[in-house]
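Colleague: Provided herewith: query-v4.pdb, PDB, C-alpha atoms.
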ATOM      1  CA  MET G 254      20.564  -8.314  25.184
ATOM      2  CA  ASP G 255      22.159  -7.509  21.831
ATOM      3  CA  GLY G 256      20.132  -4.468  20.666
ATOM      4  CA  ASN G 257      19.763  -5.843  17.150
ATOM      5  CA  ILE G 258      18.437  -9.232  18.316
ATOM      6  CA  LYS G 259      16.156  -7.557  20.891
ATOM      7  CA  ASN G 260      14.552  -5.437  18.152
ATOM      8  CA  ILE G 261      14.099  -8.510  15.982
ATOM      9  CA  ILE G 262      12.308 -10.370  18.778
ATOM     10  CA  MET G 263      10.062  -7.383  19.554
ATOM     11  CA  ASN G 264       9.159  -7.010  15.884
ATOM     12  CA  LYS G 265       8.771 -10.797  15.481
ATOM     13  CA  ARG G 266      11.099 -10.809  12.501
ATOM     14  CA  LYS G 267      12.924 -14.053  11.890
ATOM     15  CA  LEU G 268      16.654 -14.035  12.587
ATOM     16  CA  LYS G 269      18.842 -14.156   9.502
ATOM     17  CA  ILE G 270      21.547 -16.803   9.733
ATOM     18  CA  SER G 271      24.732 -17.091   7.712
ATOM     19  CA  ILE G 272      26.459 -20.480   7.674
ATOM     20  CA  GLY G 273      30.158 -20.605   6.829
ATOM     21  CA  ILE G 274      31.989 -23.807   5.905
ATOM     22  CA  PRO G 275      35.769 -23.876   5.354
ATOM     23  CA  ALA G 276      36.527 -26.950   3.239
ATOM     24  CA  TYR G 277      39.674 -28.733   2.109
ATOM     25  CA  ASN G 278      39.195 -31.962   0.113
ATOM     26  CA  GLU G 279      35.798 -32.760   1.628
ATOM     27  CA  GLU G 280      34.187 -34.583  -1.307
ATOM     28  CA  GLU G 281      33.147 -37.528   0.880
ATOM     29  CA  ASN G 282      30.855 -35.497   3.144
ATOM     30  CA  ILE G 283      30.244 -31.940   1.857
ATOM     31  CA  GLY G 284      27.231 -32.973  -0.253
ATOM     32  CA  SER G 285      25.597 -34.786   2.666
ATOM     33  CA  LEU G 286      26.199 -31.802   4.959
ATOM     34  CA  LEU G 287      24.649 -29.320   2.524
ATOM     35  CA  ASN G 288      21.689 -31.647   2.038
ATOM     36  CA  GLU G 289      21.108 -31.915   5.805
ATOM     37  CA  LEU G 290      21.370 -28.147   6.207
ATOM     38  CA  SER G 291      18.680 -27.692   3.552
ATOM     39  CA  LYS G 292      16.330 -29.739   5.781
ATOM     40  CA  GLN G 293      16.783 -27.656   8.940
ATOM     41  CA  LEU G 294      13.560 -26.521  10.608
ATOM     42  CA  GLU G 295      13.434 -22.748  10.061
ATOM     43  CA  ASP G 296      10.642 -21.606  12.382
ATOM     44  CA  THR G 297      12.410 -18.807  14.272
ATOM     45  CA  PHE G 298      15.108 -18.023  11.699
ATOM     46  CA  ILE G 299      16.013 -18.023   8.023
ATOM     47  CA  ILE G 300      19.229 -19.456   6.600
ATOM     48  CA  SER G 301      19.912 -16.645   4.149
ATOM     49  CA  GLU G 302      23.293 -17.886   2.898
ATOM     50  CA  ILE G 303      25.720 -20.789   3.112
ATOM     51  CA  ILE G 304      29.269 -19.676   2.319
ATOM     52  CA  VAL G 305      31.713 -22.443   1.395
ATOM     53  CA  ILE G 306      35.396 -21.491   1.248
ATOM     54  CA  SER G 307      37.338 -24.116  -0.691
ATOM     55  CA  ASP G 308      40.913 -23.989   0.570
ATOM     56  CA  GLN G 309      42.616 -25.094  -2.659
ATOM     57  CA  SER G 310      40.751 -28.419  -2.712
ATOM     58  CA  THR G 311      42.160 -30.878  -5.232
ATOM     59  CA  ASP G 312      39.282 -33.362  -5.204
ATOM     60  CA  ASP G 313      35.617 -32.906  -6.262
ATOM     61  CA  THR G 314      34.660 -30.622  -3.358
ATOM     62  CA  ASP G 315      34.176 -27.574  -5.606
ATOM     63  CA  LEU G 316      32.180 -29.528  -8.198
ATOM     64  CA  ILE G 317      29.807 -30.955  -5.576
ATOM     65  CA  VAL G 318      29.171 -27.511  -4.057
ATOM     66  CA  LYS G 319      28.602 -25.938  -7.486
ATOM     67  CA  GLU G 320      26.091 -28.641  -8.433
ATOM     68  CA  PHE G 321      24.236 -28.188  -5.151
ATOM     69  CA  SER G 322      24.122 -24.397  -5.593
ATOM     70  CA  LYS G 323      22.229 -24.782  -8.889
ATOM     71  CA  LYS G 324      19.135 -25.865  -6.925
ATOM     72  CA  HIS G 325      19.890 -23.947  -3.725
ATOM     73  CA  THR G 326      20.919 -20.422  -4.615
ATOM     74  CA  ILE G 327      21.783 -19.506  -1.019
ATOM     75  CA  VAL G 328      24.884 -21.708  -1.377
ATOM     76  CA  LYS G 329      27.904 -19.678  -2.487
ATOM     77  CA  LEU G 330      31.323 -21.124  -3.325
ATOM     78  CA  PHE G 331      34.566 -19.155  -3.004
ATOM     79  CA  ARG G 332      38.011 -20.597  -3.657
ATOM     80  CA  ASN G 333      41.223 -19.465  -1.995
ATOM     81  CA  HIS G 334      44.015 -18.541  -4.414
ATOM     82  CA  VAL G 335      46.530 -20.134  -2.033
ATOM     83  CA  ARG G 336      46.098 -22.620   0.819
ATOM     84  CA  LEU G 337      45.270 -20.630   3.968
ATOM     85  CA  GLY G 338      44.122 -23.170   6.550
ATOM     86  CA  GLN G 339      40.916 -23.185   8.586
ATOM     87  CA  ALA G 340      41.517 -20.055  10.684
ATOM     88  CA  LEU G 341      42.253 -17.662   7.828
ATOM     89  CA  SER G 342      39.559 -19.216   5.627
ATOM     90  CA  GLN G 343      37.082 -18.420   8.407
ATOM     91  CA  ASN G 344      38.231 -14.795   8.301
ATOM     92  CA  ARG G 345      37.047 -14.662   4.687
ATOM     93  CA  ILE G 346      33.645 -15.891   5.854
ATOM     94  CA  ILE G 347      33.504 -13.286   8.636
ATOM     95  CA  ARG G 348      34.283 -10.480   6.185
ATOM     96  CA  LYS G 349      31.406 -11.588   3.944
ATOM     97  CA  PHE G 350      28.964 -12.056   6.849
ATOM     98  CA  ASP G 351      26.386  -9.313   7.457
ATOM     99  CA  ASN G 352      23.370 -11.027   9.074
ATOM    100  CA  ASP G 353      22.216 -11.554  12.666
ATOM    101  CA  ILE G 354      24.129 -14.727  13.585
ATOM    102  CA  LEU G 355      27.095 -16.524  12.014
ATOM    103  CA  VAL G 356      27.354 -20.315  12.246
ATOM    104  CA  LEU G 357      30.745 -21.859  11.421
ATOM    105  CA  LEU G 358      30.757 -25.571  10.581
ATOM    106  CA  ASN G 359      33.439 -28.047   9.634
ATOM    107  CA  ALA G 360      32.666 -29.882   6.406
ATOM    108  CA  ASP G 361      33.204 -33.362   7.889
ATOM    109  CA  LEU G 362      30.237 -33.277  10.301
ATOM    110  CA  LEU G 363      26.506 -33.957  10.028
ATOM    111  CA  PRO G 364      23.598 -32.588  12.144
ATOM    112  CA  LYS G 365      21.893 -35.224  14.300
ATOM    113  CA  LYS G 366      18.450 -33.594  13.920
ATOM    114  CA  ASN G 367      16.719 -31.031  11.744
ATOM    115  CA  THR G 368      16.483 -28.799  14.835
ATOM    116  CA  PHE G 369      20.270 -28.483  15.118
ATOM    117  CA  ILE G 370      20.524 -24.835  14.004
ATOM    118  CA  LYS G 371      17.494 -23.908  16.119
ATOM    119  CA  GLU G 372      19.117 -25.360  19.264
ATOM    120  CA  LEU G 373      22.528 -23.897  18.452
ATOM    121  CA  ILE G 374      21.343 -20.301  18.109
ATOM    122  CA  LYS G 375      18.796 -20.388  20.972
ATOM    123  CA  PRO G 376      21.201 -19.061  23.666
ATOM    124  CA  LEU G 377      22.089 -16.089  21.460
ATOM    125  CA  SER G 378      18.499 -14.811  21.646
ATOM    126  CA  ASN G 379      17.914 -15.800  25.278
ATOM    127  CA  ASN G 380      21.035 -14.314  26.899
ATOM    128  CA  GLN G 381      22.065 -10.684  26.713
ATOM    129  CA  ASN G 382      25.811 -11.159  26.364
ATOM    130  CA  VAL G 383      26.503 -14.487  24.659
ATOM    131  CA  GLY G 384      29.362 -14.309  22.179
ATOM    132  CA  ILE G 385      29.763 -17.978  21.179
ATOM    133  CA  VAL G 386      27.653 -21.125  21.396
ATOM    134  CA  SER G 387      29.362 -24.444  20.698
ATOM    135  CA  ALA G 388      27.593 -27.670  19.719
ATOM    136  CA  LYS G 389      27.969 -31.114  21.225
ATOM    137  CA  LEU G 390      29.937 -33.426  18.917
ATOM    138  CA  ILE G 391      28.848 -37.062  19.019
ATOM    139  CA  PRO G 392      30.997 -39.836  17.511
ATOM    140  CA  VAL G 393      29.213 -42.260  15.205
ATOM    141  CA  PRO G 394      29.262 -45.894  16.426
ATOM    142  CA  PRO G 395      32.761 -47.381  15.964
ATOM    143  CA  ASP G 396      33.565 -50.221  13.555
ATOM    144  CA  THR G 397      37.094 -51.344  14.447
ATOM    145  CA  PHE G 398      38.746 -52.206  17.769
ATOM    146  CA  PHE G 399      40.941 -49.092  17.598
ATOM    147  CA  GLU G 400      37.873 -46.909  16.973
ATOM    148  CA  ARG G 401      36.132 -48.478  19.967
ATOM    149  CA  VAL G 402      39.085 -47.626  22.194
ATOM    150  CA  ILE G 403      39.102 -43.995  21.000
ATOM    151  CA  TYR G 404      35.305 -43.868  21.303
ATOM    152  CA  PHE G 405      35.637 -44.963  24.933
ATOM    153  CA  SER G 406      38.242 -42.242  25.569
ATOM    154  CA  VAL G 407      35.948 -39.590  24.062
ATOM    155  CA  GLN G 408      33.193 -40.673  26.443
ATOM    156  CA  ILE G 409      35.576 -40.218  29.386
ATOM    157  CA  LYS G 410      36.725 -36.774  28.279
ATOM    158  CA  THR G 411      33.182 -35.610  27.534
ATOM    159  CA  ALA G 412      32.011 -36.757  30.967
ATOM    160  CA  ILE G 413      34.850 -34.813  32.614
ATOM    161  CA  PHE G 414      34.289 -31.628  30.623
ATOM    162  CA  GLU G 415      30.484 -31.672  30.982
ATOM    163  CA  SER G 416      30.879 -32.071  34.773
ATOM    164  CA  TYR G 417      32.749 -28.778  35.040
ATOM    165  CA  LYS G 418      30.724 -25.545  34.868
ATOM    166  CA  ASP G 419      27.925 -27.504  33.171
ATOM    167  CA  GLY G 420      30.106 -27.735  30.067
ATOM    168  CA  ASN G 421      30.611 -23.982  29.740
ATOM    169  CA  ASN G 422      34.389 -24.218  29.512
ATOM    170  CA  LEU G 423      37.264 -24.034  27.057
ATOM    171  CA  PHE G 424      37.401 -27.790  26.464
ATOM    172  CA  LEU G 425      33.891 -27.891  24.975
ATOM    173  CA  CYS G 426      34.345 -24.958  22.616
ATOM    174  CA  ARG G 427      34.656 -27.161  19.555
ATOM    175  CA  GLY G 428      35.748 -25.752  16.222
ATOM    176  CA  GLY G 429      33.479 -28.155  14.380
ATOM    177  CA  ALA G 430      30.242 -26.283  15.070
ATOM    178  CA  ARG G 431      29.854 -22.835  16.656
ATOM    179  CA  ALA G 432      27.413 -19.935  16.483
ATOM    180  CA  PHE G 433      28.691 -16.355  16.903
ATOM    181  CA  SER G 434      26.756 -13.224  17.792
ATOM    182  CA  LYS G 435      27.141 -10.368  15.338
ATOM    183  CA  ASN G 436      28.320  -8.035  18.121
ATOM    184  CA  PHE G 437      31.216 -10.331  18.929
ATOM    185  CA  VAL G 438      32.272 -11.720  15.576
ATOM    186  CA  LYS G 439      32.323  -8.460  13.594
ATOM    187  CA  LYS G 440      35.096  -7.233  15.916
ATOM    188  CA  PHE G 441      36.936 -10.529  15.773
ATOM    189  CA  ARG G 442      39.552 -12.068  13.460
ATOM    190  CA  PHE G 443      41.586 -15.253  13.696
ATOM    191  CA  PRO G 444      45.383 -15.025  13.552
ATOM    192  CA  LYS G 445      47.303 -17.659  11.606
ATOM    193  CA  LEU G 446      47.184 -20.573  14.044
ATOM    194  CA  ILE G 447      46.135 -24.192  14.571
ATOM    195  CA  ASN G 448      43.915 -24.146  17.661
ATOM    196  CA  GLU G 449      41.430 -21.595  16.363
ATOM    197  CA  ASP G 450      38.625 -22.954  18.553
ATOM    198  CA  SER G 451      40.535 -22.248  21.782
ATOM    199  CA  TYR G 452      41.488 -18.825  20.455
ATOM    200  CA  SER G 453      37.829 -17.964  19.814
ATOM    201  CA  TYR G 454      36.837 -19.084  23.303
ATOM    202  CA  LEU G 455      39.623 -17.197  25.081
ATOM    203  CA  THR G 456      38.915 -14.027  23.105
ATOM    204  CA  CYS G 457      35.225 -14.362  23.979
ATOM    205  CA  ILE G 458      36.061 -14.540  27.711
ATOM    206  CA  GLU G 459      38.733 -11.846  27.502
ATOM    207  CA  LYS G 460      36.279  -9.451  25.839
ATOM    208  CA  ARG G 461      33.737 -10.211  28.610
ATOM    209  CA  PHE G 462      31.284 -12.061  26.400
ATOM    210  CA  THR G 463      29.677 -15.290  27.601
ATOM    211  CA  PHE G 464      30.365 -18.748  26.179
ATOM    212  CA  VAL G 465      27.576 -21.346  26.152
ATOM    213  CA  TYR G 466      27.878 -25.083  25.571
ATOM    214  CA  GLY G 467      24.812 -26.019  23.528
ATOM    215  CA  LYS G 468      24.337 -29.596  24.697
ATOM    216  CA  LYS G 469      21.085 -30.046  22.743
ATOM    217  CA  ALA G 470      22.661 -28.873  19.472
ATOM    218  CA  GLN G 471      24.300 -32.088  18.343
ATOM    219  CA  MET G 472      26.495 -33.001  15.389
ATOM    220  CA  TYR G 473      27.860 -36.392  14.354
ATOM    221  CA  ILE G 474      31.627 -36.785  13.918
ATOM    222  CA  LYS G 475      33.792 -39.658  12.670
ATOM    223  CA  LEU G 476      36.675 -40.690  14.901
ATOM    224  CA  PRO G 477      40.109 -41.533  13.464
ATOM    225  CA  MET G 478      40.358 -45.178  12.406
ATOM    226  CA  THR G 479      44.143 -45.486  12.581
ATOM    227  CA  MET G 480      46.903 -44.753  15.071
ATOM    228  CA  HIS G 481      48.515 -42.450  12.493
ATOM    229  CA  ASP G 482      45.420 -40.259  12.242
ATOM    230  CA  HIS G 483      44.940 -40.293  16.006
ATOM    231  CA  LEU G 484      48.523 -39.124  16.525
ATOM    232  CA  ASN G 485      48.004 -36.445  13.908
ATOM    233  CA  GLN G 486      45.061 -35.047  15.876
ATOM    234  CA  SER G 487      46.921 -35.426  19.168
ATOM    235  CA  LYS G 488      49.718 -33.140  17.914
ATOM    236  CA  ARG G 489      47.270 -30.283  17.685
ATOM    237  CA  PHE G 490      45.808 -30.766  21.167
ATOM    238  CA  ALA G 491      49.235 -31.216  22.762
ATOM    239  CA  MET G 492      50.338 -27.813  21.454
ATOM    240  CA  ASN G 493      47.119 -26.049  22.467
ATOM    241  CA  LYS G 494      48.039 -24.143  25.615
ATOM    242  CA  LYS G 495      51.551 -23.386  24.378
ATOM    243  CA  GLU G 496      50.164 -21.862  21.188
ATOM    244  CA  MET G 497      47.641 -19.772  23.145
ATOM    245  CA  SER G 498      50.456 -18.414  25.348
ATOM    246  CA  HIS G 499      51.512 -16.224  22.401
ATOM    247  CA  TYR G 500      48.180 -14.385  22.505
ATOM    248  CA  PHE G 501      46.843 -14.379  26.080
ATOM    249  CA  LEU G 502      48.028 -13.666  29.621
ATOM    250  CA  LYS G 503      49.200 -16.596  31.729
ATOM    251  CA  THR G 504      46.639 -15.800  34.423
ATOM    252  CA  LEU G 505      43.778 -16.179  31.932
ATOM    253  CA  LEU G 506      45.217 -19.425  30.543
ATOM    254  CA  ASP G 507      45.782 -20.950  33.986
ATOM    255  CA  GLU G 508      42.207 -20.125  34.927
ATOM    256  CA  GLN G 509      40.574 -21.406  31.746
ATOM    257  CA  TYR G 510      42.656 -24.604  31.349
ATOM    258  CA  PHE G 511      41.911 -25.651  34.944
ATOM    259  CA  ILE G 512      39.628 -28.560  35.871
ATOM    260  CA  PRO G 513      39.266 -29.671  39.528
ATOM    261  CA  LYS G 514      41.154 -32.914  40.169
ATOM    262  CA  ILE G 515      38.216 -34.343  42.102
ATOM    263  CA  ILE G 516      36.105 -34.289  38.905
ATOM    264  CA  VAL G 517      38.830 -36.007  36.878
ATOM    265  CA  ILE G 518      39.445 -38.708  39.496
ATOM    266  CA  LYS G 519      35.740 -39.402  39.986
ATOM    267  CA  VAL G 520      35.061 -39.859  36.267
ATOM    268  CA  LEU G 521      38.196 -41.964  35.693
ATOM    269  CA  LEU G 522      37.230 -44.330  38.511
ATOM    270  CA  GLU G 523      33.686 -44.652  37.171
ATOM    271  CA  TYR G 524      34.896 -45.624  33.698
ATOM    272  CA  LEU G 525      37.619 -47.924  35.031
ATOM    273  CA  LEU G 526      35.050 -49.867  37.020
ATOM    274  CA  ALA G 527      32.542 -49.827  34.146
ATOM    275  CA  ASN G 528      34.931 -51.253  31.555
ATOM    276  CA  PRO G 529      38.470 -52.110  32.744
ATOM    277  CA  PHE G 530      39.471 -53.637  29.387
ATOM    278  CA  TYR G 531      38.805 -50.550  27.251
ATOM    279  CA  TYR G 532      40.119 -48.281  29.990
ATOM    280  CA  LEU G 533      43.471 -50.100  30.068
ATOM    281  CA  SER G 534      43.523 -50.291  26.259
ATOM    282  CA  TYR G 535      43.221 -46.511  26.070
ATOM    283  CA  MET G 536      45.980 -46.115  28.660
ATOM    284  CA  VAL G 537      48.234 -48.048  26.266
ATOM    285  CA  VAL G 538      47.252 -45.769  23.366
ATOM    286  CA  LEU G 539      47.823 -42.713  25.571
ATOM    287  CA  PHE G 540      51.241 -44.016  26.628
ATOM    288  CA  LEU G 541      52.288 -44.571  23.008
ATOM    289  CA  THR G 542      51.046 -41.087  22.107
ATOM    290  CA  LYS G 543      53.149 -39.535  24.870
ATOM    291  CA  MET G 544      56.225 -41.491  23.790
ATOM    292  CA  ILE G 545      56.258 -40.009  20.283
ATOM    293  CA  PRO G 546      57.949 -36.575  20.202
ATOM    294  CA  LEU G 547      55.817 -33.775  18.778
ATOM    295  CA  GLU G 548      56.972 -31.130  16.375
ATOM    296  CA  GLN G 549      57.762 -27.811  18.022
ATOM    297  CA  LYS G 550      55.698 -25.935  15.473
ATOM    298  CA  LEU G 551      52.751 -27.006  13.346
ATOM    299  CA  SER G 552      51.583 -25.278  10.205
ATOM    300  CA  PRO G 553      48.006 -23.869  10.042
ATOM    301  CA  THR G 554      47.687 -25.990   6.893
ATOM    302  CA  TRP G 555      48.677 -29.137   8.804
ATOM    303  CA  GLU G 556      47.901 -32.626   7.502
ATOM    304  CA  MET G 557      44.358 -33.556   8.484
ATOM    305  CA  SER G 558      43.010 -36.947   9.514
ATOM    306  CA  GLN G 559      41.803 -38.747   6.387
ATOM    307  CA  SER G 560      39.916 -41.596   8.049
ATOM    308  CA  SER G 561      37.621 -39.182   9.907
ATOM    309  CA  LYS G 562      36.339 -37.538   6.725
ATOM    310  CA  ASN G 563      34.196 -40.474   5.599
ATOM    311  CA  LEU G 564      31.215 -39.876   7.862
ATOM    312  CA  SER G 565      28.196 -42.138   7.831
ATOM    313  CA  HIS G 566      25.481 -42.842  10.393
ATOM    314  CA  GLU G 567      22.032 -44.328  10.574
TER     315      GLU G 567
END
Hey, can you dump this file as structure tokens for me?

Modeller:
Amino acid sequence: MDGNIKNIIMNKRKLKISIGIPAYNEEENIGSLLNELSKQLEDTFIISEIIVISDQSTDDTDLIVKEFSKKHTIVKLFRNHVRLGQALSQNRIIRKFDNDILVLLNADLLPKKNTFIKELIKPLSNNQNVGIVSAKLIPVPPDTFFERVIYFSVQIKTAIFESYKDGNNLFLCRGGARAFSKNFVKKFRFPKLINEDSYSYLTCIEKRFTFVYGKKAQMYIKLPMTMHDHLNQSKRFAMNKKEMSHYFLKTLLDEQYFIPKIIVIKVLLEYLLANPFYYLSYMVVLFLTKMIPLEQKLSPTWEMSQSSKNLSHE
């Protein structure tokens, strides 16, 4: 067990948590996220700071955070002088972090319960070598036909990924919500890249730390409402393994990007039989996605999906 966390448990001192939020034009959700974080049940830990890095936001993101910080002094706003992208903005958070556990959250998500942080950090105090814990991201109920098709596809992918190694794999290390041990993250920095979540996972495994999929730590996400936004997200995922090949050995990549075919086939058949219409509809969307050529290189400050920023749930 991490010596620092072990001493804390023995002395019954509450863990000190830092939350970092990189934000670019997140006025539609950042206030709701900060409000939900202020309601988290702090029985085994204390949220000692919430660091928001505004990445040259041009909307009211900064104003909303500043207003919230007047009543909640643990909220601190920093603004990048130039647009850096998510990965490098997170490096600023890491440099400022000096507590027991660092939680990195995207600004366009919302916790499902007030026990979210408690569930997310639990593996870090229960396992001696955990480097990263990733949350489960749950789409809010869809409104449009296109959203319902994408929602169905997310259910398929989640079923596949959760069936392999109980979810403790690269595909469920989601950049939206992760907790990092101090031992791991203080020696870690993101390079300038797009798929920063995969990079964090692969570094964790390469450095012989353990990754844990925190299935009970759940966050709501909004799926893209348009084909344009879906394609925009697909560009990133399509370039994932190729981008990681610049940083990691092929043997590690082949091992970590592998999922047994029997799992994939079993899940696909189950969902085909359960709902043939939505299954075939997603196959059409997938075909159209594959037909559109992707750029050879994407910028770390790539255009983000706009329709997925307006998050609301009951």

Colleague: Running the PyMOL selection byres ((chain G and resi 511) around 10) on this model by hand, what would come out? Give it as a list in words.

Modeller: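 Written out, the selection comes to Tyr417, Asn422, Leu423, Phe424, Leu506, Asp507, Glu508, Gln509, Tyr510, Ile512, Pro513 and Lys514 of chain G.
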
Colleague: Counting all atoms listed in the file, which residues in stretch 342-451 of chain G sit no more than 10 Å from stretch 294-312 of chain G? For each one, give the nearest pair of atoms and the distance in Å, sorted by chain then residue number, as CSV.

Modeller:
residue,atom,partner,partner_atom,distance
G:Ser342,CA,G:Ile306,CA,6.5
G:Gln343,CA,G:Ile306,CA,8.0
G:Arg345,CA,G:Ile306,CA,7.8
G:Ile346,CA,G:Ile304,CA,6.8
G:Ile347,CA,G:Ile304,CA,9.9
G:Lys349,CA,G:Ile304,CA,8.5
G:Phe350,CA,G:Ile304,CA,8.9
G:Asn352,CA,G:Ser301,CA,8.2
G:Asp353,CA,G:Phe298,CA,9.7
G:Ile354,CA,G:Ile300,CA,9.8
G:Leu355,CA,G:Ile303,CA,10.0
G:Val356,CA,G:Ile303,CA,9.3
G:Leu357,CA,G:Ile304,CA,9.5
G:Leu358,CA,G:Val305,CA,9.8
G:Ala360,CA,G:Val305,CA,9.0
G:Lys366,CA,G:Leu294,CA,9.2
G:Asn367,CA,G:Leu294,CA,5.6
G:Thr368,CA,G:Leu294,CA,5.6
G:Phe369,CA,G:Leu294,CA,8.3
G:Ile370,CA,G:Leu294,CA,7.9
G:Lys371,CA,G:Leu294,CA,7.3
G:Ile374,CA,G:Phe298,CA,9.2
G:Lys375,CA,G:Thr297,CA,9.4

Colleague: Just the selected residues (C-alpha atoms), exported as an mmCIF file, keeping the file's coordinate frame, please.

Modeller:
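Listed below is the output, again-v6.cif:
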data_model
loop_
_atom_site.group_PDB
_atom_site.id
_atom_site.type_symbol
_atom_site.label_atom_id
_atom_site.label_comp_id
_atom_site.auth_asym_id
_atom_site.auth_seq_id
_atom_site.Cartn_x
_atom_site.Cartn_y
_atom_site.Cartn_z
ATOM 1 C CA SER G 342 39.559 -19.216 5.627
ATOM 2 C CA GLN G 343 37.082 -18.420 8.407
ATOM 3 C CA ARG G 345 37.047 -14.662 4.687
ATOM 4 C CA ILE G 346 33.645 -15.891 5.854
ATOM 5 C CA ILE G 347 33.504 -13.286 8.636
ATOM 6 C CA LYS G 349 31.406 -11.588 3.944
ATOM 7 C CA PHE G 350 28.964 -12.056 6.849
ATOM 8 C CA ASN G 352 23.370 -11.027 9.074
ATOM 9 C CA ASP G 353 22.216 -11.554 12.666
ATOM 10 C CA ILE G 354 24.129 -14.727 13.585
ATOM 11 C CA LEU G 355 27.095 -16.524 12.014
ATOM 12 C CA VAL G 356 27.354 -20.315 12.246
ATOM 13 C CA LEU G 357 30.745 -21.859 11.421
ATOM 14 C CA LEU G 358 30.757 -25.571 10.581
ATOM 15 C CA ALA G 360 32.666 -29.882 6.406
ATOM 16 C CA LYS G 366 18.450 -33.594 13.920
ATOM 17 C CA ASN G 367 16.719 -31.031 11.744
ATOM 18 C CA THR G 368 16.483 -28.799 14.835
ATOM 19 C CA PHE G 369 20.270 -28.483 15.118
ATOM 20 C CA ILE G 370 20.524 -24.835 14.004
ATOM 21 C CA LYS G 371 17.494 -23.908 16.119
ATOM 22 C CA ILE G 374 21.343 -20.301 18.109
ATOM 23 C CA LYS G 375 18.796 -20.388 20.972
#

Colleague: Between G:Phe331, G:Phe441, G:Phe405, G:Tyr277, which has the minimum distance to G:Met536 (counting only C-alpha atoms)?

Modeller: G:Phe405

Colleague: Smallest atom-to-atom distance to G:Lys460: which of G:Phe501, G:Phe399, G:Tyr531, G:Phe321, using all atoms listed in the file?

Modeller: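 Counting all atoms listed in the file, the residue closest to G:Lys460 is G:Phe501.
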
Colleague: Fewer than 2 positions away in the same chain doesn't count, so skip those; otherwise give me all residues within 9 Å of stretch 462-475 of chain G, counting all atoms listed in the file, as a ChimeraX atom specification.

Modeller: /G:361-366,368-377,380-395,415,419-423,425-426,429-430,437,454,456-460,477-478,560-566

Colleague: With all atoms listed in the file as the basis for distance, which of G:Glu279, G:Val538, G:Leu533, G:Thr314 is at the shortest distance from G:His483?

Modeller: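 Among G:Glu279, G:Val538, G:Leu533, G:Thr314, it is G:Val538 that comes nearest to G:His483.
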
Colleague: If I take atom CA of G:Leu446 and atom CA of G:Ala340, how far is one from the other in Å, to one decimal?

Modeller: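 Atom CA of G:Leu446 sits 6.6 Å away from atom CA of G:Ala340.
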
Colleague: Quote the spacing between atom CA of G:Phe398 and atom CA of G:Arg489 in Å to one decimal place.

Modeller: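 Taking atom CA of G:Phe398 and atom CA of G:Arg489, their separation equals 23.5 Å.
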
Colleague: Pick out the closest residue to G:Tyr535 from this set: G:Gln293, G:Ser434, G:Ser406, G:Asn379. Count only C-alpha atoms.

Modeller: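 Among the listed residues, G:Ser406 lies closest to G:Tyr535.
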